[in-house]
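Right, one structure below, let's go through it.
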Amino acid sequence: MYDEIKSIRIKSNNLCYEPKPDDNDEIEQYLTIFGSGQAWFSLFIA
């Protein structure tokens, strides 16, 4: 029996020490790719 990857999630962020992000700045992005071929993109805003 073979193990299969069900999904993979790639996380990217734009965090740094200075300057502090504004209230509506995009901080992190997530890309999730499922074994079925579907993909999901989401982001986190400060």
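Here's how to read the names in the structure tokens: chain A, B, ... by the order shown, residue numbers from 1 in each chain, ligand numbers from 1 in the order shown.
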- For Ser36 in chain A: contacts at 12 Å, only C-alpha atoms, fewer than 6 positions along chain excluded, given as a ChimeraX atom specification: /A:4-8
Just-selected residues, C-alpha atoms written as a PDB file, in the first residue's frame:
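That gives us selection20.pdb:
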ATOM      1  CA  GLU A   4      -0.575   9.474  -0.928  1.00  0.00           C
ATOM      2  CA  ILE A   5      -0.328  13.176  -0.295  1.00  0.00           C
ATOM      3  CA  LYS A   6      -3.830  14.455   0.489  1.00  0.00           C
ATOM      4  CA  SER A   7      -2.904  18.144   0.419  1.00  0.00           C
ATOM      5  CA  ILE A   8      -0.027  20.556   0.705  1.00  0.00           C
TER       6      ILE A   8
END
So that I can check the surroundings of range 15-25 of chain A, please list as an mmCIF file with N, CA, C and O atoms, in the first residue's frame every protein, DNA and RNA residue that reaches within 10 Å of it, counting only C-alpha atoms and ignoring chain neighbours fewer than 6 positions away.
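What ended up in part.cif:
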data_model
loop_
_atom_site.group_PDB
_atom_site.id
_atom_site.type_symbol
_atom_site.label_atom_id
_atom_site.label_comp_id
_atom_site.auth_asym_id
_atom_site.auth_seq_id
_atom_site.Cartn_x
_atom_site.Cartn_y
_atom_site.Cartn_z
ATOM 1 N N PHE A 44 -4.311 36.687 5.134
ATOM 2 C CA PHE A 44 -4.564 37.239 6.463
ATOM 3 C C PHE A 44 -4.208 38.717 6.427
ATOM 4 O O PHE A 44 -3.114 39.091 6.003
ATOM 5 N N ILE A 45 -5.134 39.543 6.811
ATOM 6 C CA ILE A 45 -4.926 40.993 6.842
ATOM 7 C C ILE A 45 -4.851 41.426 8.291
ATOM 8 O O ILE A 45 -5.681 41.041 9.117
ATOM 9 N N ALA A 46 -3.843 42.253 8.603
ATOM 10 C CA ALA A 46 -3.633 42.706 9.985
ATOM 11 C C ALA A 46 -4.787 43.564 10.470
ATOM 12 O O ALA A 46 -5.453 44.209 9.763
#
- Query: Could you pull the residues within 7 Å of Arg9 in chain A, counting only C-alpha atoms, minus those fewer than 2 positions along the same chain, as a PyMOL selection string?
  - Reply: chain A and resi 7+11+30-33
- Do a neighbour search on Asn14 in chain A at 9 Å with only C-alpha atoms, toss out local chain neighbours closer than 2 positions, and write the hits as a PyMOL selection string. chain A and resi 12+16+26-29
- Query: So which bits of chain A end up strand (DSSP E or B) when you DSSP the backbone, as a VMD selection string?
  - Reply: chain A and resid 7 to 13 26 to 34 39 to 45
